[in-house]
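Undergrad: Have a look at this one before I ask anything.
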Amino acid sequence: DWTMDAYREQAIAKIREQVGDARVICGLSGGVDSSVAAVLIHEAIGDQLTCVYVDHGLMRLNESEQVVGMFRDKYNIPLIHADESDLFIDALEGVSDPEIKRKTIGRLFIEVFEKHAKSIGGADFLAQGTLYPDVIESVSFSGGPSVTIKSHHNVGGLPEKMGMKLVEPLRELFKDEVRALGRELGLPESFIGRHPFPGPGLAIRCPGEITREKLEILRRADAVFIDQIRKHGLYDDIWQAFVALLPVRTVGVMGDGRTYDFACALRAVTSVDGMTADYYPFSHDFLGETATRIINEVPGINRCTYDITSKPPGTIEWE
Ligand code: XMP
């Protein structure tokens, strides 16, 4: 893609000019935006960049290993894997309110990020994968709706607090352009086309109080659902798909025995921007096969439902 090739060269020159020989820290989330920003900045300034991946223990099956492996081994980008799952999960013990979950995770995220930034002697610049729509949104929101449905966390406020300047090489791009740039930089297609994943991770897909046991069950069920979607070639038709583990145990029967395990809900939606969404019209065969697989393959779940709520009035996530 010649346009993105030109953009890449320009962006690299701009980053070099802005940063000089100073140090840059980038928070990697595992998402497309921060990943593309990190790879681009690494091309521009090499090991002046250090990435910090805050692992809150709320990622999907094998996700952290994949992200960390890709950046360290494929791209040789200096990377701190801050495995702080115990810190986050202990802090979430007894917390069932969705907004308190988000705030707890957001607060700890900043604390951990700051700690690791200090451990490498700090930096003059903080890199972020801010996109053009984020820039617009933060402007129009100031006069926009005053009701917050869900408070999304990011590292907002952190750069000022730590006395850092921002590097935002994607500020002029839309999402599809970021994907094109990511391809240009050699990020694998499977990574570039991934569904969005919320910052608070699986914590908001376990309505009510989370436990390590519930997270483990949810991870396995989610992996089966996504595997089914990929096998049936539906992944790219869907905006987001995931399992929510319901905080309720139900009675079932397996072989000669009675079971008393968790129920789960499958969620899959189509959407253009996440602001409105429709449930995905899976075939009954697909749903039946998926339910059977989850119940057979995931100990701890004995009932599976499909969420057919649109947004509005529902939201995409359950919390
Ligand atoms: P809802 O559930 O509000 O989700 O319909 C719309 C989009 O936002 C994502 N989402 C979040 N992303 N932090 C995030 O980074 C959050 O706290 C959060 N809550 C929801 C959701 O996955 C969907 O893509």
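Numbering starts fresh at 1 for the residues of each chain in the structure tokens, the chains themselves are lettered A, B, ... in the order given, and ligands are numbered from 1 as they appear.
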Using 7 Å as the limit and counting only C-alpha atoms and all ligand atoms, can you tabulate each residue of chain A that touches ligand 1, with its shortest atom-to-atom distance in Å and the two atoms involved, as JSON lines?
TA:
```
{"residue": "A:Arg102", "atom": "CA", "partner": "ligand 1", "partner_atom_place_in_ligand_line": "17 (O)", "distance": 6.0}
{"residue": "A:Ile149", "atom": "CA", "partner": "ligand 1", "partner_atom_place_in_ligand_line": "3 (O)", "distance": 6.9}
{"residue": "A:Lys150", "atom": "CA", "partner": "ligand 1", "partner_atom_place_in_ligand_line": "19 (N)", "distance": 5.9}
{"residue": "A:Ser151", "atom": "CA", "partner": "ligand 1", "partner_atom_place_in_ligand_line": "17 (O)", "distance": 5.7}
{"residue": "A:His152", "atom": "CA", "partner": "ligand 1", "partner_atom_place_in_ligand_line": "17 (O)", "distance": 3.8}
{"residue": "A:His153", "atom": "CA", "partner": "ligand 1", "partner_atom_place_in_ligand_line": "13 (N)", "distance": 5.5}
{"residue": "A:Pro196", "atom": "CA", "partner": "ligand 1", "partner_atom_place_in_ligand_line": "24 (O)", "distance": 5.4}
{"residue": "A:Phe197", "atom": "CA", "partner": "ligand 1", "partner_atom_place_in_ligand_line": "22 (O)", "distance": 5.2}
{"residue": "A:Pro198", "atom": "CA", "partner": "ligand 1", "partner_atom_place_in_ligand_line": "12 (N)", "distance": 3.5}
{"residue": "A:Gly199", "atom": "CA", "partner": "ligand 1", "partner_atom_place_in_ligand_line": "15 (O)", "distance": 3.8}
{"residue": "A:Pro200", "atom": "CA", "partner": "ligand 1", "partner_atom_place_in_ligand_line": "17 (O)", "distance": 5.5}
{"residue": "A:Gln240", "atom": "CA", "partner": "ligand 1", "partner_atom_place_in_ligand_line": "24 (O)", "distance": 6.9}
{"residue": "A:Gly274", "atom": "CA", "partner": "ligand 1", "partner_atom_place_in_ligand_line": "6 (C)", "distance": 4.9}
{"residue": "A:Met275", "atom": "CA", "partner": "ligand 1", "partner_atom_place_in_ligand_line": "6 (C)", "distance": 6.2}
{"residue": "A:Lys311", "atom": "CA", "partner": "ligand 1", "partner_atom_place_in_ligand_line": "5 (O)", "distance": 6.7}
{"residue": "A:Thr315", "atom": "CA", "partner": "ligand 1", "partner_atom_place_in_ligand_line": "5 (O)", "distance": 3.6}
{"residue": "A:Ile316", "atom": "CA", "partner": "ligand 1", "partner_atom_place_in_ligand_line": "5 (O)", "distance": 3.7}
{"residue": "A:Glu317", "atom": "CA", "partner": "ligand 1", "partner_atom_place_in_ligand_line": "2 (O)", "distance": 3.7}
{"residue": "A:Trp318", "atom": "CA", "partner": "ligand 1", "partner_atom_place_in_ligand_line": "2 (O)", "distance": 6.5}
{"residue": "A:Glu319", "atom": "CA", "partner": "ligand 1", "partner_atom_place_in_ligand_line": "2 (O)", "distance": 6.6}
```
Undergrad: Show which residues sit within 7 Å of Cys51 of chain A, as a compact mmCIF listing (two decimals) with N, CA and C atoms, in the first residue's frame. Count only C-alpha atoms, and ignore same-chain residues fewer than 6 positions away.
TA:
```txt
# COMPACT_ATOMS: atom_id res chain seq x y z
N ILE A 25 8.56 5.73 26.81
CA ILE A 25 7.89 4.56 27.37
C ILE A 25 6.53 4.42 26.71
N CYS A 26 6.19 3.18 26.40
CA CYS A 26 4.89 2.93 25.76
C CYS A 26 4.15 1.85 26.53
N GLY A 27 2.92 2.11 26.90
CA GLY A 27 2.10 1.09 27.55
C GLY A 27 1.43 0.22 26.50
N LEU A 28 1.78 -1.06 26.50
CA LEU A 28 1.17 -1.99 25.54
C LEU A 28 -0.05 -2.63 26.18
N PRO A 78 12.44 -3.90 23.55
CA PRO A 78 12.61 -4.02 25.00
C PRO A 78 11.25 -3.90 25.68
N LEU A 79 10.94 -4.90 26.52
CA LEU A 79 9.58 -4.98 27.05
C LEU A 79 9.61 -5.47 28.49
N ILE A 80 8.91 -4.74 29.35
CA ILE A 80 8.72 -5.21 30.72
C ILE A 80 7.36 -5.89 30.80
```
Undergrad: Give me the residues within 8 Å of Arg179 of chain A as a list of chain:residue names, counting only C-alpha atoms and dropping any in the same chain fewer than 5 places off.
TA: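 Once the adjacent positions are removed, what remains is A:Val32, A:Ile192, A:Gly193.
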Undergrad: Would you put the residues from that selection into a file with C-alpha atoms, as a PDB file, in the first residue's frame?
TA:
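Okay, this is what ended up in result_4.pdb:
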```
ATOM      1  CA  VAL A  32      -4.028  -3.014  17.709  1.00  0.00           C
ATOM      2  CA  ILE A 192      -4.661  -6.836  13.151  1.00  0.00           C
ATOM      3  CA  GLY A 193      -8.180  -8.149  12.658  1.00  0.00           C
TER       4      GLY A 193
END
```
Undergrad: Calculated over only C-alpha atoms, which of the candidates A:Leu58, A:Ile210, A:Val269, A:Val39 has the smallest distance to Pro281 of chain A?
TA: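 Among A:Leu58, A:Ile210, A:Val269, A:Val39, it is A:Val269 that comes nearest to Pro281 of chain A.
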Undergrad: Would you mind reading off the distance between atom CA of Asp55 of chain A and atom CA of Glu177 of chain A, one decimal, in Å?
TA: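 Atom-to-atom, atom CA of Asp55 of chain A to atom CA of Glu177 of chain A, that is 27.5 Å.
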Undergrad: Return as JSON lines the residues of segment 182-269 of chain A lying at most 10 Å from segment 7-16 of chain A, together with the closest atom-to-atom pair for each and the distance in Å to one decimal, counting only C-alpha atoms, with rows in chain order and ascending residue number.
TA:
```
{"residue": "A:Gly182", "atom": "CA", "partner": "A:Arg8", "partner_atom": "CA", "distance": 9.9}
{"residue": "A:Glu184", "atom": "CA", "partner": "A:Arg8", "partner_atom": "CA", "distance": 8.2}
{"residue": "A:Leu185", "atom": "CA", "partner": "A:Arg8", "partner_atom": "CA", "distance": 8.5}
```
Undergrad: Could you write out that same residue set with N, CA and C atoms as a JSON list (two decimals), in the first residue's frame?
TA:
```json
[["chain", "number", "residue", "atom", "x", "y", "z"],
["A", 182, "GLY", "N", -0.40, -1.19, 10.25],
["A", 182, "GLY", "CA", 0.04, -2.38, 10.96],
["A", 182, "GLY", "C", 0.48, -3.48, 10.01],
["A", 184, "GLU", "N", 1.55, -2.99, 6.95],
["A", 184, "GLU", "CA", 2.78, -2.44, 6.36],
["A", 184, "GLU", "C", 3.98, -2.74, 7.27],
["A", 185, "LEU", "N", 3.75, -2.71, 8.58],
["A", 185, "LEU", "CA", 4.83, -2.95, 9.55],
["A", 185, "LEU", "C", 5.01, -4.43, 9.85]]
```
Undergrad: Among segment 99-304 of chain A, which residues does DSSP mark as helix (DSSP H, G or I) when it is run on the backbone? Keep the chain and numbering as in the structure and answer as a ChimeraX atom specification.
TA: /A:99-119,132-143,158-161,175-184,189-192,201-205,212-231,235-237,284-297
Undergrad: For Asn62 of chain A, work out the shell of residues within 12 Å, counting only C-alpha atoms and skipping chain neighbours fewer than 6 positions away, then give it as a PyMOL selection string.
TA: chain A and resi 30+55+68-69+216+219-220+222-223
Undergrad: Just how far from atom CA of Lys214 of chain A is atom CA of Ala291 of chain A, in Å to one decimal?
TA: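 These atoms are spaced 18.1 Å apart.
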Undergrad: Of the candidates A:Arg212, A:Lys161, A:Arg267, A:Arg230, which shows the shortest atom-to-atom distance to Ile110 of chain A, using only C-alpha atoms?
TA: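 Closest candidate: A:Lys161.
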Undergrad: Would you tabulate, counting only C-alpha atoms, all residues of segment 118-211 of chain A that have an atom at most 10 Å from an atom of segment 82-95 of chain A, showing the closest pair of atoms and their distance in Å to one decimal, sorted by chain then ascending number, as JSON lines?
TA:
```
{"residue": "A:Ala203", "atom": "CA", "partner": "A:Leu92", "partner_atom": "CA", "distance": 8.7}
{"residue": "A:Gly208", "atom": "CA", "partner": "A:Val95", "partner_atom": "CA", "distance": 7.4}
{"residue": "A:Glu209", "atom": "CA", "partner": "A:Val95", "partner_atom": "CA", "distance": 5.5}
{"residue": "A:Ile210", "atom": "CA", "partner": "A:Glu93", "partner_atom": "CA", "distance": 6.8}
{"residue": "A:Thr211", "atom": "CA", "partner": "A:Glu93", "partner_atom": "CA", "distance": 7.2}
```
Undergrad: What's the separation between atom CA of Gly57 of chain A and atom CA of Glu111 of chain A, in Å to one decimal place?
TA: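 Those two atoms sit 15.6 Å apart.
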Undergrad: So, with only C-alpha atoms as the atoms that count, which of A:Lys74, A:Lys165, A:Lys115, A:Arg303 lies closest to Val52 of chain A?
TA: A:Lys115
